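final-v2.txt (compact mmCIF, C-alpha atoms) appears below.
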```
# COMPACT_ATOMS: atom_id res chain seq x y z
CA MET A 274 -8.32 3.74 28.73
CA THR A 275 -8.35 0.13 27.55
CA HIS A 276 -8.58 1.45 24.00
CA LEU A 277 -5.42 3.47 24.57
CA ILE A 278 -3.55 0.40 25.86
CA VAL A 279 -4.74 -1.70 22.92
CA ALA A 280 -3.71 1.04 20.50
CA PHE A 281 -0.28 1.27 22.16
CA VAL A 282 0.26 -2.50 21.99
CA LEU A 283 -0.90 -2.56 18.37
CA LEU A 284 1.48 0.25 17.43
CA ASN A 285 4.44 -1.54 18.97
CA ALA A 286 3.44 -4.86 17.43
CA ILE A 287 3.28 -3.25 13.99
CA ILE A 288 6.71 -1.66 14.40
CA LEU A 289 8.19 -4.98 15.56
CA VAL A 290 6.63 -6.99 12.74
CA VAL A 291 7.63 -4.38 10.15
CA ALA A 292 11.21 -4.29 11.46
CA TYR A 293 11.60 -8.02 11.25
CA ILE A 294 9.82 -8.32 7.93
CA THR A 295 12.56 -6.15 6.42
CA LEU A 296 15.07 -8.69 7.74
CA LEU A 297 12.96 -11.49 6.26
CA GLU A 298 12.91 -9.74 2.90
CA ARG A 299 16.68 -9.26 2.93
CA LYS A 300 17.27 -12.89 3.84
CA PHE A 301 14.77 -14.06 1.24
CA ALA A 302 16.31 -11.86 -1.47
CA ALA A 303 19.77 -13.06 -0.47
CA ARG A 304 18.70 -16.70 -0.79
CA MET A 305 17.25 -16.04 -4.24
CA GLN A 306 20.60 -14.61 -5.31
CA SER A 307 22.77 -17.26 -3.62
CA ARG A 308 23.96 -14.84 -0.96
CA ILE A 309 23.71 -15.07 2.81
CA GLY A 310 22.33 -11.63 3.61
CA PRO A 311 22.64 -9.97 7.04
CA TYR A 312 24.71 -12.27 9.22
CA TYR A 313 27.10 -10.69 11.71
CA VAL A 314 24.91 -8.20 13.61
CA GLY A 315 23.37 -10.52 16.20
CA TRP A 316 25.23 -13.61 15.16
CA PRO A 317 24.07 -15.98 13.74
CA HIS A 318 21.89 -14.80 10.87
CA GLY A 319 21.62 -11.14 11.78
CA TRP A 320 18.80 -11.23 14.31
CA LEU A 321 19.67 -7.76 15.56
CA GLN A 322 20.07 -6.17 12.13
CA PRO A 323 16.73 -4.23 12.13
CA ILE A 324 17.51 -2.75 15.54
CA ALA A 325 21.00 -1.78 14.44
CA ASP A 326 19.52 -0.14 11.35
CA ALA A 327 17.05 1.88 13.41
CA LEU A 328 19.75 3.04 15.82
CA LYS A 329 22.06 3.98 12.99
CA LEU A 330 19.40 6.06 11.24
CA MET A 331 18.56 7.78 14.51
CA LEU A 332 22.19 8.89 14.92
CA LYS A 333 22.53 10.21 11.36
CA GLU A 334 22.61 13.91 10.61
CA ASP A 335 19.39 15.40 9.28
CA VAL A 336 20.01 17.43 6.12
CA VAL A 337 17.34 19.91 5.00
CA PRO A 338 18.22 21.39 1.61
CA THR A 339 18.30 25.20 1.61
CA LEU A 340 16.08 25.43 -1.46
CA SER A 341 13.38 23.13 -0.13
CA ASP A 342 9.97 24.20 1.12
CA ARG A 343 10.76 23.61 4.78
CA TRP A 344 7.23 23.14 6.12
CA VAL A 345 6.14 20.75 3.42
CA TYR A 346 9.46 18.92 3.49
CA ASN A 347 9.49 18.43 7.26
CA LEU A 348 5.83 17.49 7.59
CA ALA A 349 5.86 14.96 4.75
CA PRO A 350 7.26 11.98 6.74
CA LEU A 351 4.56 12.37 9.40
CA VAL A 352 1.78 12.83 6.85
CA PHE A 353 3.08 9.75 5.06
CA LEU A 354 3.42 7.63 8.21
CA LEU A 355 -0.09 8.32 9.52
CA PRO A 356 -2.23 6.60 6.84
CA CYS A 357 0.35 3.86 6.35
CA MET A 358 -0.03 2.70 9.94
CA LEU A 359 -3.65 3.72 10.48
CA ILE A 360 -4.80 1.01 8.04
CA PHE A 361 -4.18 -1.56 10.80
CA ALA A 362 -6.90 0.02 12.95
CA THR A 363 -9.79 -2.04 11.62
CA ILE A 364 -8.05 -5.40 11.18
CA PRO A 365 -9.14 -8.04 13.72
CA PHE A 366 -6.35 -10.51 14.51
CA ALA A 367 -8.61 -13.05 16.23
CA PRO A 368 -12.28 -13.02 17.27
CA GLY A 369 -12.59 -9.82 19.31
CA LEU A 370 -8.86 -9.14 19.19
CA GLY A 371 -8.41 -5.88 17.32
CA LEU A 372 -8.60 -2.16 17.84
CA ALA A 373 -11.90 -1.27 16.18
CA ASP A 374 -13.89 -3.80 14.18
CA LEU A 375 -15.87 -1.15 12.30
CA ASN A 376 -18.84 -2.19 10.22
CA ILE A 377 -17.22 -0.39 7.28
CA GLY A 378 -13.82 -1.96 7.92
CA VAL A 379 -12.86 -2.69 4.31
CA LEU A 380 -14.02 0.74 3.12
CA PHE A 381 -12.02 2.39 5.92
CA PHE A 382 -8.92 0.42 4.94
CA LEU A 383 -9.21 1.31 1.24
CA ALA A 384 -9.93 4.98 1.94
CA VAL A 385 -7.08 5.47 4.41
CA SER A 386 -4.58 3.41 2.45
CA ALA A 387 -5.00 5.63 -0.64
CA LEU A 388 -4.12 8.72 1.46
CA GLU A 389 -0.44 7.73 1.53
CA ILE A 390 -0.03 9.51 -1.79
CA VAL A 391 -0.57 12.89 -0.08
CA GLY A 392 2.52 12.50 2.11
CA LEU A 393 4.46 11.03 -0.77
CA PHE A 394 3.70 13.96 -3.03
CA MET A 395 4.47 16.44 -0.25
CA GLY A 396 7.90 14.85 0.10
CA GLY A 397 8.52 14.92 -3.64
CA TRP A 398 7.36 18.50 -4.05
CA GLY A 399 8.87 19.94 -0.87
CA SER A 400 12.35 18.65 -1.68
CA ASN A 401 12.64 20.97 -4.69
CA ASN A 402 14.63 18.22 -6.36
CA LYS A 403 13.99 17.22 -9.94
CA TYR A 404 14.32 13.51 -9.27
CA ALA A 405 12.00 13.72 -6.30
CA LEU A 406 9.39 15.72 -8.20
CA LEU A 407 9.41 13.39 -11.20
CA SER A 408 9.12 10.44 -8.88
CA ALA A 409 6.16 11.99 -7.07
CA MET A 410 4.40 12.70 -10.38
CA ARG A 411 4.94 9.10 -11.45
CA ALA A 412 3.62 7.91 -8.10
CA VAL A 413 0.39 9.91 -8.50
CA ASN A 414 -0.03 8.49 -11.97
CA GLN A 415 0.47 4.96 -10.72
CA ILE A 416 -1.81 5.35 -7.71
CA ILE A 417 -4.73 6.62 -9.77
CA SER A 418 -4.16 3.80 -12.23
CA TYR A 419 -3.98 0.92 -9.77
CA ASP A 420 -6.27 2.04 -6.97
CA LEU A 421 -9.34 1.07 -8.98
CA PRO A 422 -8.36 -2.56 -9.74
CA PHE A 423 -7.31 -2.80 -6.08
CA ILE A 424 -10.72 -1.58 -4.89
CA PHE A 425 -12.66 -3.82 -7.27
CA ALA A 426 -10.57 -6.89 -6.42
CA ALA A 427 -11.08 -6.24 -2.72
CA LEU A 428 -14.82 -5.83 -3.31
CA VAL A 429 -15.17 -9.40 -4.58
CA PRO A 430 -14.86 -10.97 -1.08
CA VAL A 431 -17.13 -8.20 0.24
CA VAL A 432 -19.82 -9.26 -2.24
CA LEU A 433 -19.29 -12.94 -1.39
CA ALA A 434 -19.51 -12.29 2.35
CA GLY A 435 -22.19 -9.62 2.10
CA SER A 436 -20.45 -7.46 4.69
CA MET A 437 -17.68 -4.91 4.97
CA GLN A 438 -16.97 -5.78 8.58
CA MET A 439 -13.69 -7.64 8.60
CA SER A 440 -14.60 -10.16 11.29
CA ALA A 441 -17.79 -11.03 9.39
CA ILE A 442 -15.75 -11.63 6.22
CA VAL A 443 -13.53 -14.09 8.09
CA VAL A 444 -16.52 -15.84 9.65
CA ALA A 445 -18.03 -16.24 6.17
CA GLN A 446 -14.96 -18.25 5.11
CA GLN A 447 -15.32 -21.02 7.68
CA GLY A 448 -15.35 -24.67 6.68
CA LEU A 449 -13.31 -26.95 4.46
CA PHE A 450 -12.14 -25.01 1.38
CA GLY A 451 -14.24 -22.12 2.61
CA TRP A 452 -11.53 -19.53 2.04
CA PHE A 453 -12.54 -17.17 -0.74
CA VAL A 454 -9.36 -18.00 -2.66
CA PHE A 455 -10.86 -21.47 -3.14
CA TYR A 456 -14.13 -20.09 -4.52
CA PRO A 457 -14.26 -21.71 -7.96
CA GLY A 458 -12.97 -19.41 -10.68
CA ILE A 459 -13.84 -16.10 -9.08
CA GLY A 460 -11.64 -16.49 -6.01
CA GLN A 461 -8.43 -17.31 -7.83
CA LEU A 462 -8.84 -14.53 -10.41
CA ALA A 463 -9.69 -11.97 -7.74
CA PHE A 464 -6.68 -12.99 -5.65
CA LEU A 465 -4.42 -12.71 -8.69
CA ALA A 466 -5.78 -9.23 -9.47
CA TYR A 467 -5.39 -8.27 -5.80
CA VAL A 468 -1.74 -9.32 -5.73
CA ILE A 469 -0.91 -7.52 -8.99
CA ALA A 470 -2.67 -4.35 -7.82
CA THR A 471 -0.87 -4.62 -4.46
CA ILE A 472 2.54 -4.82 -6.10
CA ALA A 473 1.71 -1.79 -8.22
CA ALA A 474 0.15 0.23 -5.41
CA GLU A 475 3.17 -0.47 -3.21
CA ASN A 476 5.45 0.69 -6.04
CA ARG A 477 7.54 -2.44 -5.99
CA VAL A 478 9.40 -4.08 -8.86
CA PRO A 479 8.23 -4.56 -11.62
CA PHE A 480 6.15 -1.41 -11.01
CA ASP A 481 8.83 0.67 -9.32
CA ILE A 482 9.26 3.43 -11.91
CA LEU A 483 8.93 6.03 -9.17
CA GLU A 484 11.96 4.64 -7.37
CA ALA A 485 14.00 3.47 -10.39
CA GLU A 486 17.48 3.51 -8.85
CA SER A 487 19.16 3.82 -12.24
CA GLU A 488 17.29 6.95 -13.32
CA LEU A 489 15.71 8.65 -10.30
CA VAL A 490 18.24 7.51 -7.67
CA ALA A 491 15.80 6.89 -4.82
CA GLY A 492 12.73 8.69 -6.03
CA PHE A 493 10.77 11.03 -3.78
CA ARG A 494 12.94 10.34 -0.71
CA VAL A 495 16.27 11.21 -2.32
CA GLU A 496 16.76 14.32 -0.12
CA TYR A 497 15.69 12.69 3.14
CA SER A 498 18.17 11.46 5.70
CA GLY A 499 18.28 10.28 9.29
CA MET A 500 15.07 9.73 11.21
CA LYS A 501 12.85 11.29 8.54
CA PHE A 502 14.11 8.72 6.07
CA ALA A 503 13.50 6.00 8.67
CA LEU A 504 9.89 7.13 9.15
CA ILE A 505 9.27 7.06 5.40
CA GLN A 506 10.75 3.57 5.11
CA LEU A 507 8.74 2.42 8.12
CA GLY A 508 5.57 3.80 6.58
CA GLU A 509 6.23 2.16 3.25
CA TYR A 510 6.81 -1.27 4.77
CA ALA A 511 3.91 -0.87 7.20
CA HIS A 512 1.66 -0.14 4.22
CA LEU A 513 2.85 -3.26 2.44
CA VAL A 514 2.44 -5.41 5.55
CA GLY A 515 -1.03 -3.97 6.13
CA THR A 516 -2.03 -4.76 2.57
CA SER A 517 -0.67 -8.29 3.00
CA PHE A 518 -2.79 -8.66 6.13
CA LEU A 519 -5.86 -7.46 4.23
CA GLY A 520 -5.13 -9.94 1.45
CA ALA A 521 -4.77 -12.76 3.97
CA LEU A 522 -8.02 -11.68 5.60
CA LEU A 523 -10.07 -11.28 2.43
CA PHE A 524 -8.87 -14.35 0.54
CA LEU A 525 -7.01 -16.69 2.89
CA GLY A 526 -9.44 -16.86 5.76
CA GLY A 527 -7.76 -14.56 8.27
CA TRP A 528 -7.24 -16.27 11.61
CA LEU A 529 -8.96 -19.51 10.58
CA GLY A 530 -6.81 -22.61 10.84
CA PRO A 531 -6.48 -25.92 12.64
CA GLY A 532 -5.55 -26.02 16.30
CA PRO A 533 -6.77 -24.14 19.38
CA THR A 534 -8.16 -20.61 19.17
CA TRP A 535 -5.05 -18.93 20.54
CA LEU A 536 -3.18 -20.07 17.42
CA GLY A 537 -5.46 -17.78 15.37
CA PRO A 538 -3.26 -14.66 15.35
CA LEU A 539 -0.25 -16.82 14.46
CA TRP A 540 -2.11 -18.35 11.50
CA PHE A 541 -3.09 -14.87 10.42
CA LEU A 542 0.51 -13.65 10.66
CA LEU A 543 1.73 -16.69 8.74
CA LYS A 544 -0.75 -16.09 5.92
CA ALA A 545 0.10 -12.39 5.76
CA VAL A 546 3.80 -13.29 5.56
CA LEU A 547 2.96 -15.69 2.73
CA VAL A 548 1.29 -12.88 0.78
CA PHE A 549 4.28 -10.67 1.55
CA LEU A 550 6.70 -13.33 0.31
CA LEU A 551 4.63 -13.72 -2.87
CA VAL A 552 5.10 -10.00 -3.55
CA THR A 553 8.79 -10.24 -2.67
CA TRP A 554 9.24 -13.25 -4.92
CA VAL A 555 7.84 -11.24 -7.84
CA ARG A 556 10.05 -8.31 -6.88
CA TRP A 557 13.26 -10.30 -7.15
CA SER A 558 12.26 -12.21 -10.29
CA PHE A 559 11.20 -9.55 -12.78
CA VAL A 560 12.65 -6.44 -14.35
CA ARG A 561 11.09 -3.00 -14.29
CA ILE A 562 8.48 -2.32 -16.99
CA ARG A 563 7.97 0.94 -18.87
CA VAL A 564 5.49 3.63 -17.91
CA ASP A 565 3.30 3.10 -20.99
CA GLN A 566 3.17 -0.62 -20.22
CA ILE A 567 2.18 0.15 -16.65
CA LEU A 568 -0.69 2.34 -17.85
CA ALA A 569 -1.78 -0.21 -20.47
CA ILE A 570 -1.83 -3.10 -17.99
CA SER A 571 -4.03 -1.16 -15.62
CA TRP A 572 -6.48 0.67 -17.87
CA LYS A 573 -6.81 -1.80 -20.73
CA LEU A 574 -6.57 -5.11 -18.91
CA LEU A 575 -6.82 -5.05 -15.13
CA LEU A 576 -9.58 -2.45 -14.74
CA PRO A 577 -12.12 -3.96 -17.19
CA ALA A 578 -11.21 -7.46 -16.00
CA THR A 579 -11.85 -6.66 -12.34
CA VAL A 580 -15.11 -4.83 -13.10
CA ILE A 581 -16.37 -7.81 -15.12
CA LEU A 582 -15.19 -10.16 -12.38
CA LEU A 583 -17.07 -8.11 -9.79
CA LEU A 584 -20.23 -8.20 -11.91
CA ALA A 585 -19.88 -11.97 -12.32
CA THR A 586 -19.53 -12.32 -8.55
CA GLY A 587 -22.58 -10.14 -8.11
CA PHE A 588 -24.53 -12.35 -10.52
CA VAL A 589 -23.54 -15.52 -8.66
CA VAL A 590 -24.52 -14.06 -5.30
CA ALA A 591 -27.72 -12.39 -6.49
CA ALA A 592 -28.86 -15.56 -8.24
CA GLY A 593 -28.36 -17.43 -4.98
CA PHE A 594 -25.57 -19.74 -6.10
CA GLY A 595 -23.25 -18.40 -3.42
CA ARG A 596 -22.83 -19.91 0.01
CA GLY A 597 -25.21 -18.78 2.74
CA ALA A 598 -24.10 -15.65 4.57
CA MET B 64 -19.88 7.01 16.43
CA SER B 65 -18.19 5.77 19.63
CA GLY B 66 -16.65 2.92 17.61
CA TYR B 67 -14.35 5.46 16.01
CA LEU B 68 -12.81 6.66 19.28
CA PRO B 69 -10.07 3.97 19.28
CA VAL B 70 -9.23 4.87 15.68
CA VAL B 71 -8.73 8.52 16.64
CA MET B 72 -6.59 7.46 19.60
CA PHE B 73 -4.51 5.23 17.35
CA ALA B 74 -3.98 8.08 14.89
CA ALA B 75 -2.85 10.34 17.73
CA LEU B 76 -0.44 7.66 18.98
CA ILE B 77 1.06 7.22 15.52
CA LEU B 78 1.67 10.96 15.23
CA ALA B 79 3.09 11.02 18.76
CA PHE B 80 5.45 8.19 17.87
CA GLY B 81 6.65 10.08 14.80
CA VAL B 82 7.15 13.36 16.69
CA VAL B 83 8.89 11.72 19.66
CA SER B 84 11.26 9.70 17.49
CA LEU B 85 12.15 12.83 15.51
CA ALA B 86 12.72 14.75 18.76
CA VAL B 87 14.91 12.00 20.24
CA ALA B 88 16.91 11.82 17.03
CA ARG B 89 17.36 15.59 17.19
CA LEU B 90 18.98 15.26 20.62
CA LEU B 91 21.25 12.39 19.58
CA ARG B 92 22.37 13.27 16.08
CA PRO B 93 25.18 15.59 15.05
CA SER B 94 24.37 18.78 13.16
CA ARG B 95 27.16 20.25 11.07
CA PRO B 96 25.53 21.91 8.06
CA ASP B 97 27.51 23.62 5.35
CA SER B 98 26.46 25.16 2.07
CA VAL B 99 27.58 22.28 -0.13
CA LYS B 100 25.89 19.70 2.06
CA LEU B 101 22.63 21.66 1.97
CA MET B 102 22.64 21.87 -1.80
CA ASN B 103 20.02 19.86 -3.66
CA TYR B 104 21.26 16.54 -4.95
CA GLU B 105 21.69 16.34 -8.68
CA CYS B 106 24.25 13.57 -9.18
CA GLY B 107 27.05 15.70 -7.79
CA ALA B 108 26.81 18.57 -10.25
CA GLU B 109 25.53 21.96 -9.16
CA PRO B 110 21.73 21.96 -9.54
CA ILE B 111 20.47 23.93 -12.53
CA GLY B 112 17.57 26.13 -11.50
CA SER B 113 14.60 25.11 -9.38
CA ALA B 114 12.60 21.91 -9.76
CA TRP B 115 9.39 23.93 -9.57
CA VAL B 116 9.00 24.60 -13.25
CA GLN B 117 6.01 24.05 -15.53
CA PHE B 118 6.00 20.72 -17.26
CA PRO B 119 3.21 18.72 -18.86
CA ALA B 120 1.59 16.17 -16.58
CA GLY B 121 0.83 13.64 -19.29
CA PHE B 122 -1.84 11.83 -17.35
CA TYR B 123 -4.40 14.52 -16.50
CA LEU B 124 -6.93 12.98 -18.90
CA VAL B 125 -6.36 9.61 -17.25
CA ALA B 126 -7.14 11.33 -13.95
CA LEU B 127 -10.55 12.31 -15.33
CA VAL B 128 -11.27 8.68 -16.26
CA PHE B 129 -10.14 7.78 -12.73
CA ILE B 130 -12.80 10.06 -11.25
CA LEU B 131 -15.41 8.39 -13.47
CA PHE B 132 -14.54 4.93 -12.15
CA ASP B 133 -14.06 6.13 -8.59
CA THR B 134 -17.66 7.33 -8.69
CA LEU B 135 -18.63 3.89 -9.92
CA ALA B 136 -16.80 2.35 -6.95
CA VAL B 137 -18.68 4.61 -4.53
CA PHE B 138 -21.97 3.19 -5.83
CA LEU B 139 -20.68 -0.39 -5.77
CA PHE B 140 -19.91 -0.42 -2.04
CA PRO B 141 -23.56 -0.26 -0.84
CA TRP B 142 -24.55 -2.52 -3.75
CA ALA B 143 -22.12 -5.20 -2.53
CA LEU B 144 -23.79 -5.20 0.89
CA ILE B 145 -27.46 -5.48 -0.12
CA LEU B 146 -27.00 -7.78 -3.11
CA ARG B 147 -27.99 -10.96 -1.29
CA SER B 148 -31.29 -9.58 -0.05
CA ALA B 149 -32.11 -7.37 -3.06
CA GLY B 150 -31.53 -10.18 -5.56
CA MET B 151 -31.48 -10.00 -9.35
CA THR B 152 -33.16 -6.58 -9.63
CA ALA B 153 -30.20 -4.93 -7.91
CA PHE B 154 -27.83 -6.88 -10.10
CA TRP B 155 -29.43 -5.80 -13.41
CA VAL B 156 -29.71 -2.16 -12.33
CA VAL B 157 -26.01 -1.99 -11.55
CA ALA B 158 -25.11 -4.03 -14.63
CA ALA B 159 -26.84 -1.40 -16.78
CA PHE B 160 -25.05 1.36 -14.88
CA VAL B 161 -21.67 -0.34 -15.38
CA GLY B 162 -22.56 -0.71 -19.05
CA ILE B 163 -23.07 3.07 -19.37
CA VAL B 164 -19.78 3.76 -17.57
CA GLY B 165 -18.18 1.13 -19.79
CA LEU B 166 -19.30 3.11 -22.86
CA GLY B 167 -17.44 6.08 -21.40
CA TRP B 168 -14.37 3.87 -20.97
CA LEU B 169 -14.69 2.69 -24.59
CA TYR B 170 -14.90 6.31 -25.77
CA ALA B 171 -11.78 7.20 -23.78
CA TYR B 172 -10.02 4.17 -25.24
CA ARG B 173 -10.97 5.11 -28.83
CA GLU B 174 -9.91 8.72 -28.27
CA GLY B 175 -6.49 7.48 -27.19
CA VAL B 176 -6.72 8.92 -23.67
CA LEU B 177 -5.37 5.71 -22.18
CA GLU B 178 -2.20 5.83 -24.27
CA TRP B 179 0.99 7.26 -22.83
CA LYS B 180 2.13 10.18 -24.96
```
Can you present the structure in this file as structure tokens?
Amino acid sequence: MTHLIVAFVLLNAIILVVAYITLLERKFAARMQSRIGPYYVGWPHGWLQPIADALKLMLKEDVVPTLSDRWVYNLAPLVFLLPCMLIFATIPFAPGLGLADLNIGVLFFLAVSALEIVGLFMGGWGSNNKYALLSAMRAVNQIISYDLPFIFAALVPVVLAGSMQMSAIVVAQQGLFGWFVFYPGIGQLAFLAYVIATIAAENRVPFDILEAESELVAGFRVEYSGMKFALIQLGEYAHLVGTSFLGALLFLGGWLGPGPTWLGPLWFLLKAVLVFLLVTWVRWSFVRIRVDQILAISWKLLLPATVILLLATGFVVAAGFGRGA
Amino acid sequence: MSGYLPVVMFAALILAFGVVSLAVARLLRPSRPDSVKLMNYECGAEPIGSAWVQFPAGFYLVALVFILFDTLAVFLFPWALILRSAGMTAFWVVAAFVGIVGLGWLYAYREGVLEWK
């Protein structure tokens, strides 16, 4: 029963954080472009904008194209939402504060997070729309290209900590400059690879060829409207926020920070928001790159680089130069 | 396996949230379909044929290389856990293994599999 309550609280917390992180992104993007962004809904500074958006989408008509594959089309938002939110299951937000601190936490996260492509492809295929189908094919291509650098970059902290349990990884980063991002050489490179792979895996600019407003309109979700569209958007942002949390946990020390223990979850949230803002900063600074460049960056640069980096980390740990576990 | 019970509950709650929000939206939203509205979107013109046609998926060879490296990743997970206790032996064994996989990568590179055509 307690598990059910914790799961319920976690679900609502995720939805709240995701809703307000969209507002943060819009404000941040507006600042970068010398605009104000959402302002009038919930004056001042649009504090009620996410809620207004959700209500509006709920009241919108739901259009199912006649030519679509109805079952696949209607199930896709749910299939997409499930893995995108399930990745939060193993993240501990403070010592003992989390749903399930599995001993294979990182593996669980990586495995579930890659499943989002199933729902995405269902949406693209079920729509029977050429833009949607092309977008889904591009998404599959991109996922298989960037999942590997993502896995190998995330494995570096696992090697350093000697555990896949997320709480153990945080505990291993205690002390002054103990965060793995401060680990000389290895930490910075791994964090850089992690952020690049995150941007690509989340299909954000400059890796957003599957969305590409100017050519594919909105990509795989072009036929979706109303609440189904809202669920897809929610899933997409939840996935990005979850990946930011994992990055903060693996490299930035999770809940560790000065002050009393109850500040832990707030530190963790702050660090995750920092990772999110890093990704957003890149998004609003660069232009989209071509599909051949996307493939080349992954297979010819990022993949060999992360494998070599992982081997180097393994050498350091096996030779006993690493910190004690 | 009892540690996985909360995860299953969480998954069920997520699905319940999705179904309930869709159901609530169904009660609240208008529904006035007509044949033009239900047409597939193709920039306003009438769609030409179905999207389900045969076309070359240019990256199927890349997908094979992906499976190669995914297998490598499967072996690296347990390796990452025991490295500290197993020491240099474990490191050299996996380094040789990565070297063999790396030869496969080099072959794919030379054959031009990693190029976009």
Atom-to-atom span, atom CA of B:Phe73 and atom CA of A:Thr275, Å = 12.0 Å
Just need the residues of chain B within 6 Å of chain A, counting all atoms listed in the file, so spit them out as a PyMOL selection string.
-> chain B and resi 69+73+88+91-94+101-103+114+143-144+146-147+150-151+179
Once you count all atoms listed in the file, which residues end up no further than 12 Å from (-2.7, -4.9, -8.8) in the file's frame, shown as a ChimeraX atom specification?
-> /A:415-427,462-477,479-480,516,520,552,567-568,570-572,574-576,578-579
A:Ala412, A:Val514, A:Ala491, A:Arg556: which is nearest A:Leu542, counting all atoms listed in the file?
-> A:Val514
Kindly indicate which residue among A:Asn347, A:Ser408, A:Thr295, A:Ser307 lies nearest to A:Asp481, using all atoms listed in the file for the distances.
-> A:Ser408
Complete stretch 524-529 of chain A with all heavy atoms (output as a PDB file, in the frame of the given file).
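To be explicit, this is the file written out as selection24.pdb:
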```pdb
ATOM      1  N   PHE A 524      -8.910 -13.175   1.420  1.00  0.00           N
ATOM      2  CA  PHE A 524      -8.870 -14.350   0.540  1.00  0.00           C
ATOM      3  C   PHE A 524      -8.420 -15.623   1.248  1.00  0.00           C
ATOM      4  O   PHE A 524      -8.793 -16.707   0.840  1.00  0.00           O
ATOM      5  CB  PHE A 524      -7.941 -14.073  -0.637  1.00  0.00           C
ATOM      6  CG  PHE A 524      -8.440 -13.023  -1.566  1.00  0.00           C
ATOM      7  CD1 PHE A 524      -7.950 -11.733  -1.488  1.00  0.00           C
ATOM      8  CD2 PHE A 524      -9.423 -13.304  -2.490  1.00  0.00           C
ATOM      9  CE1 PHE A 524      -8.424 -10.751  -2.333  1.00  0.00           C
ATOM     10  CE2 PHE A 524      -9.898 -12.333  -3.339  1.00  0.00           C
ATOM     11  CZ  PHE A 524      -9.401 -11.053  -3.262  1.00  0.00           C
ATOM     12  N   LEU A 525      -7.585 -15.491   2.281  1.00  0.00           N
ATOM     13  CA  LEU A 525      -7.010 -16.690   2.890  1.00  0.00           C
ATOM     14  C   LEU A 525      -7.598 -17.009   4.259  1.00  0.00           C
ATOM     15  O   LEU A 525      -6.997 -17.735   5.042  1.00  0.00           O
ATOM     16  CB  LEU A 525      -5.484 -16.537   2.993  1.00  0.00           C
ATOM     17  CG  LEU A 525      -4.758 -16.259   1.678  1.00  0.00           C
ATOM     18  CD1 LEU A 525      -3.277 -16.111   1.905  1.00  0.00           C
ATOM     19  CD2 LEU A 525      -5.023 -17.365   0.674  1.00  0.00           C
ATOM     20  N   GLY A 526      -8.745 -16.442   4.567  1.00  0.00           N
ATOM     21  CA  GLY A 526      -9.440 -16.860   5.760  1.00  0.00           C
ATOM     22  C   GLY A 526      -8.932 -16.289   7.077  1.00  0.00           C
ATOM     23  O   GLY A 526      -9.258 -16.818   8.128  1.00  0.00           O
ATOM     24  N   GLY A 527      -8.145 -15.235   7.035  1.00  0.00           N
ATOM     25  CA  GLY A 527      -7.760 -14.560   8.270  1.00  0.00           C
ATOM     26  C   GLY A 527      -7.179 -15.486   9.320  1.00  0.00           C
ATOM     27  O   GLY A 527      -6.215 -16.196   9.063  1.00  0.00           O
ATOM     28  N   TRP A 528      -7.785 -15.497  10.499  1.00  0.00           N
ATOM     29  CA  TRP A 528      -7.240 -16.270  11.610  1.00  0.00           C
ATOM     30  C   TRP A 528      -7.668 -17.730  11.591  1.00  0.00           C
ATOM     31  O   TRP A 528      -7.321 -18.483  12.482  1.00  0.00           O
ATOM     32  CB  TRP A 528      -7.634 -15.618  12.930  1.00  0.00           C
ATOM     33  CG  TRP A 528      -9.113 -15.619  13.167  1.00  0.00           C
ATOM     34  CD1 TRP A 528      -9.881 -16.690  13.519  1.00  0.00           C
ATOM     35  CD2 TRP A 528     -10.002 -14.502  13.077  1.00  0.00           C
ATOM     36  NE1 TRP A 528     -11.194 -16.315  13.632  1.00  0.00           N
ATOM     37  CE2 TRP A 528     -11.288 -14.981  13.374  1.00  0.00           C
ATOM     38  CE3 TRP A 528      -9.825 -13.147  12.765  1.00  0.00           C
ATOM     39  CZ2 TRP A 528     -12.402 -14.146  13.367  1.00  0.00           C
ATOM     40  CZ3 TRP A 528     -10.930 -12.325  12.772  1.00  0.00           C
ATOM     41  CH2 TRP A 528     -12.209 -12.817  13.058  1.00  0.00           C
ATOM     42  N   LEU A 529      -8.484 -18.124  10.608  1.00  0.00           N
ATOM     43  CA  LEU A 529      -8.960 -19.510  10.580  1.00  0.00           C
ATOM     44  C   LEU A 529      -7.813 -20.472  10.325  1.00  0.00           C
ATOM     45  O   LEU A 529      -6.932 -20.203   9.535  1.00  0.00           O
ATOM     46  CB  LEU A 529     -10.012 -19.677   9.483  1.00  0.00           C
ATOM     47  CG  LEU A 529     -11.263 -18.813   9.610  1.00  0.00           C
ATOM     48  CD1 LEU A 529     -12.155 -19.020   8.411  1.00  0.00           C
ATOM     49  CD2 LEU A 529     -12.008 -19.128  10.875  1.00  0.00           C
TER      50      LEU A 529
END
```
